[in-house]
Structures are given as C-alpha cells and as structure tokens.
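S.K.: Structure file protein-v4.pdb (PDB, C-alpha atoms) right here:
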```
ATOM      1  CA  MET I 194      35.108-136.816-108.832
ATOM      2  CA  ALA I 195      32.624-135.097-111.105
ATOM      3  CA  SER I 196      34.297-131.751-110.463
ATOM      4  CA  GLN I 197      37.738-133.207-111.215
ATOM      5  CA  GLN I 198      36.418-134.732-114.439
ATOM      6  CA  ARG I 199      34.962-131.408-115.573
ATOM      7  CA  TYR I 200      38.312-129.756-114.862
ATOM      8  CA  GLU I 201      40.185-132.341-116.954
ATOM      9  CA  ASN I 202      37.672-131.927-119.794
ATOM     10  CA  TYR I 203      38.014-128.152-119.674
ATOM     11  CA  LYS I 204      41.807-128.431-119.677
ATOM     12  CA  ARG I 205      41.762-130.716-122.740
ATOM     13  CA  PHE I 206      39.297-128.336-124.430
ATOM     14  CA  LEU I 207      41.572-125.294-123.999
ATOM     15  CA  THR I 208      44.788-127.095-124.953
ATOM     16  CA  GLY I 209      43.244-128.611-128.054
ATOM     17  CA  ASN I 210      43.256-132.228-126.847
ATOM     18  CA  SER I 211      39.541-132.687-127.467
ATOM     19  CA  ASN I 212      37.274-133.018-130.459
ATOM     20  CA  SER I 213      35.993-129.421-130.116
ATOM     21  CA  ILE I 214      38.530-126.593-130.335
ATOM     22  CA  ILE I 215      37.846-122.884-129.970
ATOM     23  CA  GLY I 216      40.763-120.484-130.161
ATOM     24  CA  GLY I 217      43.873-120.362-132.284
ATOM     25  CA  SER I 218      46.033-117.490-131.077
ATOM     26  CA  ASP I 219      46.155-115.935-134.544
ATOM     27  CA  SER I 220      44.533-113.245-136.678
ATOM     28  CA  PHE I 221      43.487-112.910-140.310
ATOM     29  CA  THR I 222      41.651-110.497-142.589
ATOM     30  CA  ILE I 223      38.775-110.613-145.055
ATOM     31  CA  ILE I 224      39.225-107.707-147.471
ATOM     32  CA  GLY I 225      36.773-106.808-150.218
ATOM     33  CA  SER I 226      35.049-103.929-151.974
ATOM     34  CA  SER I 227      32.063-102.271-150.364
ATOM     35  CA  GLY I 228      28.859-104.096-151.268
ATOM     36  CA  ILE I 229      30.602-107.321-152.252
ATOM     37  CA  GLY I 230      28.933-109.191-149.374
ATOM     38  CA  LYS I 231      31.707-109.563-146.770
ATOM     39  CA  SER I 232      29.696-108.876-143.631
ATOM     40  CA  THR I 233      26.698-110.826-144.892
ATOM     41  CA  ALA I 234      28.846-113.855-145.713
ATOM     42  CA  VAL I 235      30.631-113.723-142.354
ATOM     43  CA  ASN I 236      27.369-113.425-140.413
ATOM     44  CA  ARG I 237      25.848-116.281-142.396
ATOM     45  CA  ALA I 238      28.909-118.468-141.756
ATOM     46  CA  VAL I 239      28.728-117.673-138.038
ATOM     47  CA  ASP I 240      25.026-118.617-137.925
ATOM     48  CA  VAL I 241      25.667-121.923-139.689
ATOM     49  CA  ILE I 242      28.595-122.818-137.412
ATOM     50  CA  VAL I 243      26.746-121.904-134.213
ATOM     51  CA  GLU I 244      23.662-123.852-135.268
ATOM     52  CA  ASN I 245      25.744-126.958-135.881
ATOM     53  CA  CYS I 246      28.246-126.536-133.035
ATOM     54  CA  LYS I 247      27.997-129.220-130.349
ATOM     55  CA  PHE I 248      30.170-129.576-127.251
ATOM     56  CA  ASP I 249      31.077-132.988-125.934
ATOM     57  CA  CYS I 250      32.294-131.913-122.489
ATOM     58  CA  ASN I 251      30.935-130.090-119.445
ATOM     59  CA  LEU I 252      32.564-126.679-119.036
ATOM     60  CA  PHE I 253      32.795-124.366-116.039
ATOM     61  CA  SER I 254      31.625-121.329-118.021
ATOM     62  CA  ASP I 255      29.536-120.475-121.046
ATOM     63  CA  ILE I 256      31.395-120.319-124.346
ATOM     64  CA  ILE I 257      30.720-117.660-126.982
ATOM     65  CA  PRO I 258      32.031-119.118-130.262
ATOM     66  CA  PHE I 259      31.946-115.736-132.041
ATOM     67  CA  VAL I 260      31.747-112.120-130.888
ATOM     68  CA  THR I 261      31.151-109.590-133.684
ATOM     69  CA  VAL I 262      31.783-105.856-133.166
ATOM     70  CA  GLN I 263      32.519-102.837-135.354
ATOM     71  CA  CYS I 264      35.727-100.830-135.295
ATOM     72  CA  PRO I 265      34.940 -97.301-133.976
ATOM     73  CA  PHE I 266      34.972 -94.561-136.576
ATOM     74  CA  ASP I 267      37.818 -92.789-134.744
ATOM     75  CA  SER I 268      39.723 -96.029-133.977
ATOM     76  CA  SER I 269      39.399 -95.437-130.251
ATOM     77  CA  VAL I 270      40.893 -98.321-128.272
ATOM     78  CA  LYS I 271      38.694 -97.585-125.274
ATOM     79  CA  GLY I 272      35.621 -97.332-127.500
ATOM     80  CA  LEU I 273      36.340-100.748-129.028
ATOM     81  CA  ALA I 274      37.018-102.273-125.592
ATOM     82  CA  ILE I 275      33.722-100.931-124.255
ATOM     83  CA  GLU I 276      31.821-102.266-127.286
ATOM     84  CA  ILE I 277      33.345-105.737-126.796
ATOM     85  CA  LEU I 278      32.367-105.755-123.118
ATOM     86  CA  MET I 279      28.835-104.571-123.936
ATOM     87  CA  LYS I 280      28.442-107.384-126.480
ATOM     88  CA  ILE I 281      29.720-109.924-123.928
ATOM     89  CA  ASN I 282      27.230-108.601-121.346
ATOM     90  CA  SER I 283      24.422-108.969-123.870
ATOM     91  CA  MET I 284      25.339-112.542-124.812
ATOM     92  CA  LEU I 285      26.259-113.880-121.366
ATOM     93  CA  LYS I 286      23.765-111.789-119.329
ATOM     94  CA  THR I 287      26.634-110.567-117.145
ATOM     95  CA  GLN I 288      27.546-107.217-115.597
ATOM     96  CA  TYR I 289      31.163-106.787-116.671
ATOM     97  CA  LEU I 290      30.458-103.202-117.663
ATOM     98  CA  ASN I 291      28.461-100.404-116.053
ATOM     99  CA  GLY I 292      28.598 -96.632-115.876
ATOM    100  CA  LYS I 293      30.960 -96.480-112.888
ATOM    101  CA  ILE I 294      33.430 -98.879-114.473
ATOM    102  CA  ILE I 295      33.500 -96.899-117.711
ATOM    103  CA  ASP I 296      34.306 -93.680-115.866
ATOM    104  CA  LYS I 297      36.979 -95.132-113.584
ATOM    105  CA  CYS I 298      38.662 -97.806-115.711
ATOM    106  CA  THR I 299      41.696 -96.948-117.791
ATOM    107  CA  THR I 300      42.257 -98.434-121.229
ATOM    108  CA  ASP I 301      44.875-100.826-119.840
ATOM    109  CA  ALA I 302      42.426-102.054-117.191
ATOM    110  CA  LEU I 303      39.744-102.659-119.820
ATOM    111  CA  ILE I 304      42.203-104.611-121.999
ATOM    112  CA  SER I 305      43.187-106.758-119.012
ATOM    113  CA  GLN I 306      39.535-107.447-118.209
ATOM    114  CA  ILE I 307      38.718-108.389-121.814
ATOM    115  CA  SER I 308      41.738-110.721-121.962
ATOM    116  CA  THR I 309      40.583-112.519-118.815
ATOM    117  CA  ILE I 310      37.037-112.900-120.142
ATOM    118  CA  ALA I 311      38.245-113.932-123.605
ATOM    119  CA  ILE I 312      40.441-116.785-122.397
ATOM    120  CA  ASN I 313      37.472-118.299-120.553
ATOM    121  CA  ASN I 314      34.530-117.414-122.764
ATOM    122  CA  ILE I 315      35.372-116.314-126.335
ATOM    123  CA  GLY I 316      36.433-118.353-129.328
ATOM    124  CA  VAL I 317      36.755-115.866-132.212
ATOM    125  CA  LEU I 318      36.515-112.071-132.147
ATOM    126  CA  ILE I 319      35.266-110.582-135.442
ATOM    127  CA  ILE I 320      35.927-106.874-136.014
ATOM    128  CA  ASP I 321      34.038-105.330-138.935
ATOM    129  CA  GLU I 322      34.793-101.993-140.666
ATOM    130  CA  ILE I 323      38.507-102.386-139.921
ATOM    131  CA  GLN I 324      39.271 -99.860-142.696
ATOM    132  CA  ASN I 325      38.634 -97.169-140.083
ATOM    133  CA  VAL I 326      42.176 -97.790-138.792
ATOM    134  CA  ALA I 327      43.572 -96.494-142.088
ATOM    135  CA  ASN I 328      41.819 -93.138-141.741
ATOM    136  CA  SER I 329      42.712 -92.374-138.147
ATOM    137  CA  LYS I 330      45.885 -91.510-136.257
ATOM    138  CA  ASN I 331      44.825 -94.072-133.652
ATOM    139  CA  GLY I 332      44.912 -96.920-136.188
ATOM    140  CA  LYS I 333      48.178 -98.424-134.949
ATOM    141  CA  ASN I 334      46.887 -98.267-131.384
ATOM    142  CA  ILE I 335      43.944-100.483-132.357
ATOM    143  CA  ILE I 336      46.269-103.042-133.975
ATOM    144  CA  GLY I 337      48.505-102.922-130.906
ATOM    145  CA  PHE I 338      45.471-103.560-128.701
ATOM    146  CA  LEU I 339      44.414-106.544-130.825
ATOM    147  CA  THR I 340      47.962-107.943-130.832
ATOM    148  CA  GLN I 341      48.114-107.704-127.049
ATOM    149  CA  LEU I 342      44.702-109.355-126.807
ATOM    150  CA  ILE I 343      45.873-112.256-129.003
ATOM    151  CA  ASN I 344      49.026-112.748-126.956
ATOM    152  CA  ASN I 345      47.251-112.518-123.589
ATOM    153  CA  SER I 346      44.149-114.578-124.295
ATOM    154  CA  GLY I 347      44.989-116.884-127.193
ATOM    155  CA  ILE I 348      41.765-116.139-129.098
ATOM    156  CA  SER I 349      41.545-115.773-132.865
ATOM    157  CA  ILE I 350      40.693-112.389-134.365
ATOM    158  CA  CYS I 351      39.097-111.871-137.783
ATOM    159  CA  MET I 352      39.267-108.360-139.276
ATOM    160  CA  VAL I 353      36.813-107.479-142.050
ATOM    161  CA  GLY I 354      37.171-104.334-144.158
ATOM    162  CA  THR I 355      37.488-102.627-147.515
ATOM    163  CA  PRO I 356      40.680-102.281-149.645
ATOM    164  CA  GLU I 357      41.421 -98.961-147.917
ATOM    165  CA  SER I 358      42.944-100.936-145.061
ATOM    166  CA  VAL I 359      45.416-102.815-147.286
ATOM    167  CA  LEU I 360      47.908 -99.942-147.589
ATOM    168  CA  PHE I 361      47.827 -99.486-143.815
ATOM    169  CA  PHE I 362      48.564-103.144-143.111
ATOM    170  CA  GLU I 363      51.264-103.291-145.792
ATOM    171  CA  GLY I 364      53.068-100.350-144.194
ATOM    172  CA  ALA I 365      54.920-102.468-141.607
ATOM    173  CA  GLU I 366      56.070-106.073-141.509
ATOM    174  CA  HIS I 367      54.474-106.877-138.147
ATOM    175  CA  LEU I 368      51.129-105.553-139.402
ATOM    176  CA  ALA I 369      51.320-107.513-142.660
ATOM    177  CA  ARG I 370      52.138-110.725-140.803
ATOM    178  CA  ARG I 371      49.182-110.285-138.469
ATOM    179  CA  THR I 372      46.715-109.624-141.277
ATOM    180  CA  MET I 373      47.237-112.282-143.921
ATOM    181  CA  GLY I 374      43.929-113.596-145.167
ATOM    182  CA  LEU I 375      41.314-113.554-147.914
ATOM    183  CA  LYS I 376      40.835-110.834-150.505
ATOM    184  CA  TYR I 377      37.704-110.495-152.635
ATOM    185  CA  THR I 378      37.112-108.242-155.629
ATOM    186  CA  ALA I 379      34.126-107.481-157.830
ATOM    187  CA  LEU I 380      32.871-110.392-159.918
ATOM    188  CA  SER I 381      34.104-111.001-163.446
ATOM    189  CA  TYR I 382      31.718-111.217-166.357
ATOM    190  CA  ASP I 383      31.442-114.978-166.581
ATOM    191  CA  GLU I 384      29.019-117.847-166.044
ATOM    192  CA  TYR I 385      29.113-117.400-162.271
ATOM    193  CA  PHE I 386      27.885-113.809-162.587
ATOM    194  CA  LYS I 387      25.169-114.930-165.015
ATOM    195  CA  ASN I 388      24.022-117.635-162.603
ATOM    196  CA  ILE I 389      23.641-115.014-159.863
ATOM    197  CA  CYS I 390      21.548-112.891-162.229
ATOM    198  CA  ASN I 391      19.419-115.934-163.036
ATOM    199  CA  ILE I 392      18.741-116.467-159.338
ATOM    200  CA  LEU I 393      17.883-112.802-158.754
ATOM    201  CA  PHE I 394      15.503-112.755-161.734
ATOM    202  CA  ARG I 395      13.395-115.387-159.971
ATOM    203  CA  TYR I 396      12.358-112.693-157.532
ATOM    204  CA  GLN I 397      10.131-110.620-159.783
ATOM    205  CA  TYR I 398       6.954-109.089-158.395
ATOM    206  CA  THR I 399       5.602-107.384-161.501
ATOM    207  CA  ILE I 400       2.515-108.685-163.319
ATOM    208  CA  LYS I 401       4.703-110.464-165.863
ATOM    209  CA  ASN I 402       8.206-111.820-165.475
ATOM    210  CA  ALA I 403      10.907-110.531-167.798
ATOM    211  CA  THR I 404      13.004-113.236-169.442
ATOM    212  CA  ILE I 405      16.697-112.706-168.856
ATOM    213  CA  ASN I 406      18.964-112.836-171.900
ATOM    214  CA  GLU I 407      22.429-111.760-173.021
ATOM    215  CA  GLU I 408      21.326-108.139-173.350
ATOM    216  CA  PHE I 409      20.250-108.094-169.706
ATOM    217  CA  TYR I 410      23.472-109.800-168.592
ATOM    218  CA  LYS I 411      25.677-107.262-170.342
ATOM    219  CA  TRP I 412      23.655-104.247-169.248
ATOM    220  CA  ILE I 413      23.547-105.315-165.593
ATOM    221  CA  TYR I 414      27.270-106.034-165.466
ATOM    222  CA  ASP I 415      28.114-102.836-167.303
ATOM    223  CA  HIS I 416      26.156-100.755-164.793
ATOM    224  CA  SER I 417      27.258-102.572-161.646
ATOM    225  CA  CYS I 418      30.880-103.542-162.393
ATOM    226  CA  GLY I 419      30.166-106.923-160.827
ATOM    227  CA  ASN I 420      29.116-105.488-157.453
ATOM    228  CA  ILE I 421      26.301-107.696-156.155
ATOM    229  CA  SER I 422      24.857-104.997-153.908
ATOM    230  CA  ILE I 423      24.396-102.691-156.912
ATOM    231  CA  VAL I 424      22.848-105.501-158.983
ATOM    232  CA  ILE I 425      20.259-106.154-156.272
ATOM    233  CA  SER I 426      19.491-102.436-155.908
ATOM    234  CA  LEU I 427      19.019-101.999-159.663
ATOM    235  CA  LEU I 428      16.635-104.938-159.992
ATOM    236  CA  HIS I 429      14.683-103.925-156.886
ATOM    237  CA  ASP I 430      14.298-100.275-157.915
ATOM    238  CA  ALA I 431      13.481-101.155-161.529
ATOM    239  CA  GLN I 432      10.587-103.308-160.357
ATOM    240  CA  GLU I 433       9.415-100.566-158.023
ATOM    241  CA  ILE I 434       9.420 -98.046-160.873
ATOM    242  CA  ALA I 435       7.567-100.472-163.154
ATOM    243  CA  ILE I 436       4.865-101.165-160.557
ATOM    244  CA  MET I 437       4.396 -97.484-159.707
ATOM    245  CA  SER I 438       4.219 -96.621-163.420
ATOM    246  CA  GLY I 439       1.630 -99.300-164.152
ATOM    247  CA  LEU I 440       3.945-101.329-166.388
ATOM    248  CA  SER I 441       3.610-105.097-166.532
ATOM    249  CA  LYS I 442       7.325-106.003-166.442
ATOM    250  CA  ILE I 443      10.815-104.559-166.359
ATOM    251  CA  ASN I 444      12.957-103.874-169.415
ATOM    252  CA  ILE I 445      16.229-102.153-170.276
ATOM    253  CA  ASN I 446      14.602 -98.713-170.361
ATOM    254  CA  ILE I 447      13.251 -99.138-166.823
ATOM    255  CA  LEU I 448      16.635-100.399-165.645
ATOM    256  CA  ASN I 449      18.196 -97.293-167.183
ATOM    257  CA  GLU I 450      15.732 -95.121-165.282
ATOM    258  CA  ALA I 451      16.618 -96.902-162.044
ATOM    259  CA  TYR I 452      20.318 -96.395-162.773
ATOM    260  CA  GLN I 453      19.926 -92.692-163.553
ATOM    261  CA  ASN I 454      17.555 -91.739-160.739
ATOM    262  CA  ARG I 455      18.094 -94.182-157.885
ATOM    263  CA  ILE I 456      21.852 -94.703-157.647
ATOM    264  CA  GLU I 457      23.048 -91.418-159.102
ATOM    265  CA  MET I 458      25.390 -90.775-156.168
ATOM    266  CA  TYR I 459      27.182 -94.017-156.986
ATOM    267  CA  HIS I 460      27.905 -93.178-160.631
ATOM    268  CA  LYS I 461      31.444 -91.949-160.025
ATOM    269  CA  PHE I 462      32.366 -95.359-158.594
ATOM    270  CA  ILE I 463      31.035 -97.161-161.681
ATOM    271  CA  GLN I 464      32.476 -96.743-165.138
ATOM    272  CA  PRO I 465      29.940 -98.112-167.613
ATOM    273  CA  SER I 466      30.810 -98.276-171.276
ATOM    274  CA  ILE I 467      28.225 -95.583-172.004
ATOM    275  CA  ASN I 468      30.575 -93.052-170.408
ATOM    276  CA  LYS I 469      34.059 -93.588-171.848
ATOM    277  CA  VAL I 470      36.950 -91.362-172.847
ATOM    278  CA  ASP I 471      38.257 -91.802-176.354
ATOM    279  CA  LYS I 472      41.979 -91.278-175.780
ATOM    280  CA  LYS I 473      42.957 -91.613-179.447
ATOM    281  CA  LYS I 474      40.760 -88.745-180.550
ATOM    282  CA  ASN I 475      41.289 -86.863-177.300
ATOM    283  CA  LYS I 476      37.553 -86.350-176.996
ATOM    284  CA  HIS I 477      35.146 -86.737-174.110
ATOM    285  CA  ILE I 478      32.170 -88.881-175.070
ATOM    286  CA  VAL I 479      29.231 -87.773-172.946
ATOM    287  CA  SER I 480      26.853 -90.468-171.707
ATOM    288  CA  ASP I 481      23.290 -90.817-172.930
ATOM    289  CA  ARG I 482      22.280 -88.838-169.821
ATOM    290  CA  THR I 483      23.465 -85.757-171.724
ATOM    291  CA  ASN I 484      21.832 -86.570-175.058
ATOM    292  CA  ASN I 485      24.996 -88.077-176.590
ATOM    293  CA  ILE I 486      26.767 -84.736-177.042
ATOM    294  CA  THR I 487      30.357 -85.128-178.289
ATOM    295  CA  GLN I 488      32.645 -82.452-176.948
ATOM    296  CA  ASP I 489      35.705 -81.614-179.086
ATOM    297  CA  CYS I 490      37.733 -80.494-176.109
ATOM    298  CA  VAL I 491      40.435 -81.971-173.928
ATOM    299  CA  ILE I 492      39.315 -83.280-170.538
ATOM    300  CA  LYS I 493      42.077 -81.463-168.686
ATOM    301  CA  GLU I 494      40.496 -78.188-169.760
ATOM    302  CA  PHE I 495      37.584 -78.898-167.418
ATOM    303  CA  ASN I 496      39.511 -77.654-164.412
ATOM    304  CA  ASN I 497      37.383 -74.714-163.285
ATOM    305  CA  ILE I 498      33.920 -73.248-163.752
ATOM    306  CA  GLU I 499      35.201 -70.260-165.743
ATOM    307  CA  THR I 500      36.785 -72.518-168.376
ATOM    308  CA  ILE I 501      33.672 -74.692-168.572
ATOM    309  CA  LEU I 502      31.498 -71.599-169.067
ATOM    310  CA  LYS I 503      33.799 -70.349-171.833
ATOM    311  CA  ILE I 504      33.690 -73.701-173.666
ATOM    312  CA  SER I 505      29.911 -73.785-173.239
ATOM    313  CA  LYS I 506      29.564 -70.476-175.045
ATOM    314  CA  GLU I 507      32.090 -71.279-177.768
ATOM    315  CA  LYS I 508      30.652 -74.732-178.557
ATOM    316  CA  ASN I 509      27.033 -73.727-177.895
ATOM    317  CA  ILE I 510      26.631 -76.598-175.403
ATOM    318  CA  ASP I 511      24.447 -76.457-172.307
ATOM    319  CA  PHE I 512      26.548 -75.308-169.330
ATOM    320  CA  ILE I 513      24.925 -77.669-166.811
ATOM    321  CA  LYS I 514      25.548 -80.688-169.031
ATOM    322  CA  LEU I 515      29.227 -79.792-169.293
ATOM    323  CA  LEU I 516      29.486 -79.152-165.572
ATOM    324  CA  LYS I 517      28.138 -82.625-164.843
ATOM    325  CA  GLN I 518      31.184 -84.091-166.574
ATOM    326  CA  SER I 519      33.538 -82.581-163.975
ATOM    327  CA  ILE I 520      31.596 -82.613-160.730
ATOM    328  CA  ILE I 521      28.429 -84.085-159.269
ATOM    329  CA  VAL I 522      25.552 -81.703-159.927
ATOM    330  CA  GLU I 523      22.193 -82.057-158.200
ATOM    331  CA  GLU I 524      19.345 -80.171-159.855
ATOM    332  CA  ILE I 525      16.517 -79.049-157.555
ATOM    333  CA  LYS I 526      13.145 -78.038-158.895
ATOM    334  CA  ILE I 527      11.812 -74.787-157.405
TER     335      ILE I 527
END
```
Turn this file's structure into structure tokens for me.

M.R.:
Amino acid sequence: MASQQRYENYKRFLTGNSNSIIGGSDSFTIIGSSGIGKSTAVNRAVDVIVENCKFDCNLFSDIIPFVTVQCPFDSSVKGLAIEILMKINSMLKTQYLNGKIIDKCTTDALISQISTIAINNIGVLIIDEIQNVANSKNGKNIIGFLTQLINNSGISICMVGTPESVLFFEGAEHLARRTMGLKYTALSYDEYFKNICNILFRYQYTIKNATINEEFYKWIYDHSCGNISIVISLLHDAQEIAIMSGLSKININILNEAYQNRIEMYHKFIQPSINKVDKKKNKHIVSDRTNNITQDCVIKEFNNIETILKISKEKNIDFIKLLKQSIIVEEIKI
C-alpha cells in the first residue's frame, strides 16, 4: 500500500496535480550586457528557491530543482551533454558518466540518456554563456539539442547570455519562439542608480569615509555607463590606490586614477563625456588623458599610421597621443 501511495504521489507530482510542480516543457532567455549581474542574480534566485523548497510527497528518486551549466565555447553538443551529465553525477552522487562511456557513446545516445535522467530528476536546466551559439557554426545544433531535450523530457530550460545572442535567435521563427524572455540593459541615471551607489559607499575601508554627493553620482555614471560591475571595480580599486598611497579617503582624482590605470582595456566599451566628438565643428576632442589637446582634423583621416604621423608633424602634436585616439596603445617602460 505504501508503495502504491508513493507511486500515486509521484504521478500527481509529474502531471502537476500536486502543490509542488517542477518542470514546464518550455524555454526562455535572460539577456543582458556583460557585467550587468545576470549570472549572479540567477544563482542567487536559485539559492533562495532551493533553501525554501519543500516537498510534500515521497518520491522514488532524488529531485534536482536546478542544474546550471555553461555553453561550450565551440557550441559542441557532445561537450554540453557531457557537462550536464558530470553536473548530475556531482549532485546525485551517481555514475552516469565515466571514461568508457564518453569514448563509446554517440551524441544521440548521450541526448537519450540525459532525457531519461531529466524526466525523473531535473526541474530546470540553466545554460549560461549562451551567446557562444552566435559565434559558432554549431550554434543551431545546440538549439536543436535543447529543443529535443524539451520535447523528450518536459523540463524547462533557461538560457542566459549577452546581446550577441539576440541576432542569432531572431534569425528564425522557431528560434525566436523558443527564446522569449527577459532583457536587461545598463542602468539609467536615476534614483535607483543613486541608491545603488549609496549602498556601495557604505563599504569603505579607508581611514575616513568619503561622503557621496551629486558630483560623485555623475562621475561614477559617466565612467561606468550604468554597468554595476564597472562601478564596483572603480570603487574597489580607488580605495586600494588610496590605501597604498597613504591617503585617508577617496576623491574624484583617485577615482580618475583608478579609471585610467585599472580598467584601461575597458575604455573602448565606455563613452564618458570627457571623450566626445564635436560633430558640428568636425573636431576630435581628446580626453584629459592626453592633456586636453584639441585636434583640428577630421576623424576619418586617422585611418593609418602614415597619416597619423604626417598630422603629428604638421600640427606639432605628440605622435603617441594621436595614435591612442585610433587604436589601443600600451606603453611599456624599459
């Protein structure tokens, strides 16, 4: 009788006729810029749900509410299948995958095995870095694999990635339908952004705490474009510079130093107001990194090193400073 009761409970659980439901036979995306906090938010949500998830029936097998994996850099279907099985082994302490199986199993066999495990054990499959499908010829194969997995097992699949993947998913109707979901962009300059800055300014480890004001708000937004990851990096590195320099607290000058020296490789992805093009006057306004030099030349002229060198001689402007306006230049002290 007890066994029959467990079977009935398990049947109600899978068909949705119980208070706890895992599965949904659908897929959705979470798209956002790099550093916006997608993966962190998803992982935090998973932790909260798992901590508060309670089952009211006795099941025949262990349930994994969420399995999180990363899309392989080359969008290999077999690579993704192996990673899913390895994660299942780790969470369930099983032996679904070993060296012999990897060598002998075909991709179709691995998909069949994952489908069987998923229908009994997995609620939601989360695939991070899904933008890799847009940069690989195997991208459509990955989506085909996930579609087959949804149809065979009935689990829900969440795909998390950057805006690079949007054009790929919009390329075909069946892809667009399978990937409707949430889209996040960088924060706007508003009260919400200021509140985040207020929270971050509580974590100051210098001798004295700097008081945040409108000047700080504007500078931080201008040099991060609303990207939270960049905001955190700037505040962290500014404090590090202040402590190492023996200064008591951070200020705009120290933040500028952190921006110039610590996240220099990220400058081309940020367009602060200190580095703008005046289209009306057809002039290139050089940032304060280049001593506020105003170049009376058209930007399109900066198309090769020979032209830049010629302009440097004619205008009597430092060649390296002009070169930095066209390409990334790293100076190494010898």

S.K.: Which residue out of I:Ile307, I:Ile335, I:Ile405, I:Ile281 has the minimum interatomic distance to Cys264 of chain I when all atoms listed in the file are used?

M.R.: I:Ile335

S.K.: If you take only C-alpha atoms and a cut-off of 9 Å, which residues of segment 228-289 of chain I touch segment 420-437 of chain I, and what are their nearest atom pairs and distances in Å to one decimal, in chain and number order, as JSON lines?

M.R.:
```
{"residue": "I:Gly228", "atom": "CA", "partner": "I:Ser422", "partner_atom": "CA", "distance": 4.9}
{"residue": "I:Ile229", "atom": "CA", "partner": "I:Asn420", "partner_atom": "CA", "distance": 5.7}
{"residue": "I:Gly230", "atom": "CA", "partner": "I:Ser422", "partner_atom": "CA", "distance": 7.4}
```

S.K.: What is the atom CA of Ser232 of chain I-atom CA of Ser305 of chain I distance in Å, reported with one decimal?

M.R.: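 Taking atom CA of Ser232 of chain I as the start and atom CA of Ser305 of chain I as the end point, the length is 28.2 Å.
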
S.K.: Could you list, as a list of chain:residue names, every residue matched by the PyMOL selection byres ((chain I and resi 300) around 8) in this structure?

M.R.: I:Val270, I:Lys271, I:Ala274, I:Cys298, I:Thr299, I:Asp301, I:Ala302, I:Leu303, I:Ile304

S.K.: Calculate how many Å separate atom CA of Ile443 of chain I from atom CA of Phe409 of chain I, rounding to one decimal.

M.R.: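 Here the two named atoms are 10.6 Å from each other.
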
S.K.: Looking at all atoms listed in the file, which of I:Ala238, I:Ile257, I:Val326, I:Leu360 is the one that sits closest to Asn313 of chain I?

M.R.: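 Closest to Asn313 of chain I, using all atoms listed in the file: I:Ile257.
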
S.K.: With distances taken over all atoms listed in the file, which of I:Ala327, I:Ile513, I:Ile320, I:Ile336 is nearest to Ile350 of chain I?

M.R.: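 Result for the nearest residue to Ile350 of chain I: I:Ile320.
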
S.K.: Would you mind reading off the distance between atom CA of Thr378 of chain I and atom CA of Met352 of chain I, one decimal, in Å?

M.R.: 16.5 Å

S.K.: Select all residues near (40.3, -117.2, -135.5) (cut-off 6 Å, inclusive, file coordinates), counting all atoms listed in the file, and output them as an NGL selection string.

M.R.: :I and (217 or 220 or 317 or 349-351)

S.K.: So what does the PyMOL selection byres ((chain I and resi 398) around 9) actually pick up in this one, as a PDB file with C-alpha atoms, in the frame of the given file?

M.R.:
```
ATOM      1  CA  TYR I 396      12.358-112.693-157.532  1.00  0.00           C
ATOM      2  CA  GLN I 397      10.131-110.620-159.783  1.00  0.00           C
ATOM      3  CA  THR I 399       5.602-107.384-161.501  1.00  0.00           C
ATOM      4  CA  ILE I 400       2.515-108.685-163.319  1.00  0.00           C
ATOM      5  CA  LYS I 401       4.703-110.464-165.863  1.00  0.00           C
ATOM      6  CA  ASN I 402       8.206-111.820-165.475  1.00  0.00           C
ATOM      7  CA  GLN I 432      10.587-103.308-160.357  1.00  0.00           C
ATOM      8  CA  GLU I 433       9.415-100.566-158.023  1.00  0.00           C
ATOM      9  CA  ILE I 436       4.865-101.165-160.557  1.00  0.00           C
ATOM     10  CA  LYS I 442       7.325-106.003-166.442  1.00  0.00           C
TER      11      LYS I 442
END
```
